[in-house]
Amino acid sequence: MRSETTVPDQATPRIAVTTPTGNVGRHVVAALLRAGVRPRVLSRDPDRLAPDLREAVDAVRVDQYDADAVAAATVGVDALFWVVPTPGGPDPLAAYARATASVVRAVTDNRIGRVVFQSSVGAEKRRGAGEIDGLAHAELALDATGVDVTHLRCGYFFSNLELQLDALRAGALQVVLPLDAPMPWVAPRDIAEVAVARLLSPGWSGRCVRAVHGPADLTWRQVADILGAATGRPIGVERITDDAMRAQLRRVGMADAAVEAVLGMSTGLREDFVPEQPRTVHTTTPTTLAAWAYDHLRPRLADDAP
């Protein structure tokens, strides 16, 4: 039996992927490989890639906040999946601005034909939503280049719950949002599938916005019930004041600007916010929170289950 070989040709797009070990990026890389594309992956630390994966991709060591490095790493690229890496330091919005300067420089210098940008629900507000304001700025900057771009307006990531394992173990989630206000929740892998479909599809051009809303809008009360059933642990949720959340964030060492940027992602979308893109068959993705929690949270909480 003859083994399959991949024969690149001029019709195969040259695609670069940022944050290739991230919650979404790692699934984008895997899906492109399954589609027969050998992606160029831009990573601050390519050694974090699994050894078998490093053999299947073209890995380039890049700091996404270094515009010269990003421009050099994307020479000859036809399409780019751009994710702003999780900003560190005391001023997240300044970090978003530096990363945006990098992608604009790369698109402009290298005449990259299309970009799929991982944005967020709330970016349509343009200001007043904390870190999401950085994504809004990036949307506008990419639009100004004239590149064919799809902005993925993603809902709240299931994987954000992995940052609250201690709270889940204690059975008490704390949030600043109203407990009965529904919002879209989405699995990172589903975002990746939408991103890859846009990267590979020839059927779009210009400026596009595609919401990725997950399978359902959920309230925090519903989320607590779903997590409890999936993990086999009693989990409650309570609403706390903005100042109480500020105090929690400061206790873990966040600077004031970072605290306000994180808090603003909730408070900025709290009052009468309605996503610009409604839930439709095009914005709805299949993976449920229950299925994700069973696969990802239950094993991590099993060792100390009551």
# chains A, B, ... in the order shown; residues from 1 in each chain; ligands from 1
$ residues_around --residues "Gly206 in chain A" --least-positions-apart "6" --cutoff "12 Å" --atoms "only C-alpha atoms" --output "list in words"
Gly113, Arg114, Val115, Val116, Leu142, Asp143, Ala144, Thr145, Gly146, Val147, Asp148, Val149, Thr150 and His151 of chain A
$ select_by_dssp --residues "range 117-295 of chain A" --states "helix (DSSP H, G or I)" --output "PyMOL selection string"
chain A and resi 123-125+132-145+158-170+188-200+220-231+242-251+256-267+289-295
$ closest_atom_pairs --of "range 84-193 of chain A" --to "range 57-78 of chain A" --cutoff "7 Å" --atoms "only C-alpha atoms" --output "Markdown table"
| residue | atom | partner | partner_atom | distance |
| --- | --- | --- | --- | --- |
| A:Arg98 | CA | A:Tyr65 | CA | 5.5 |
| A:Ala99 | CA | A:Tyr65 | CA | 4.7 |
| A:Ala101 | CA | A:Ala67 | CA | 6.6 |
| A:Ser102 | CA | A:Ala67 | CA | 4.0 |
| A:Arg105 | CA | A:Ala71 | CA | 6.3 |
| A:Ala106 | CA | A:Ala71 | CA | 4.2 |
| A:Asp109 | CA | A:Ala71 | CA | 6.9 |
| A:Asn110 | CA | A:Val75 | CA | 5.6 |
| A:Ile112 | CA | A:Asp78 | CA | 5.3 |
| A:Gly113 | CA | A:Asp78 | CA | 5.4 |
| A:Arg114 | CA | A:Asp78 | CA | 6.7 |
$ atom_distance --atom1 "CA of Trp185 in chain A" --atom2 "CA of Asp217 in chain A"
6.3 Å
$ closest_residue --among "A:Leu161, A:Val84, A:Arg153, A:Val196" --to "Ile15 in chain A" --atoms "only C-alpha atoms"
A:Val196
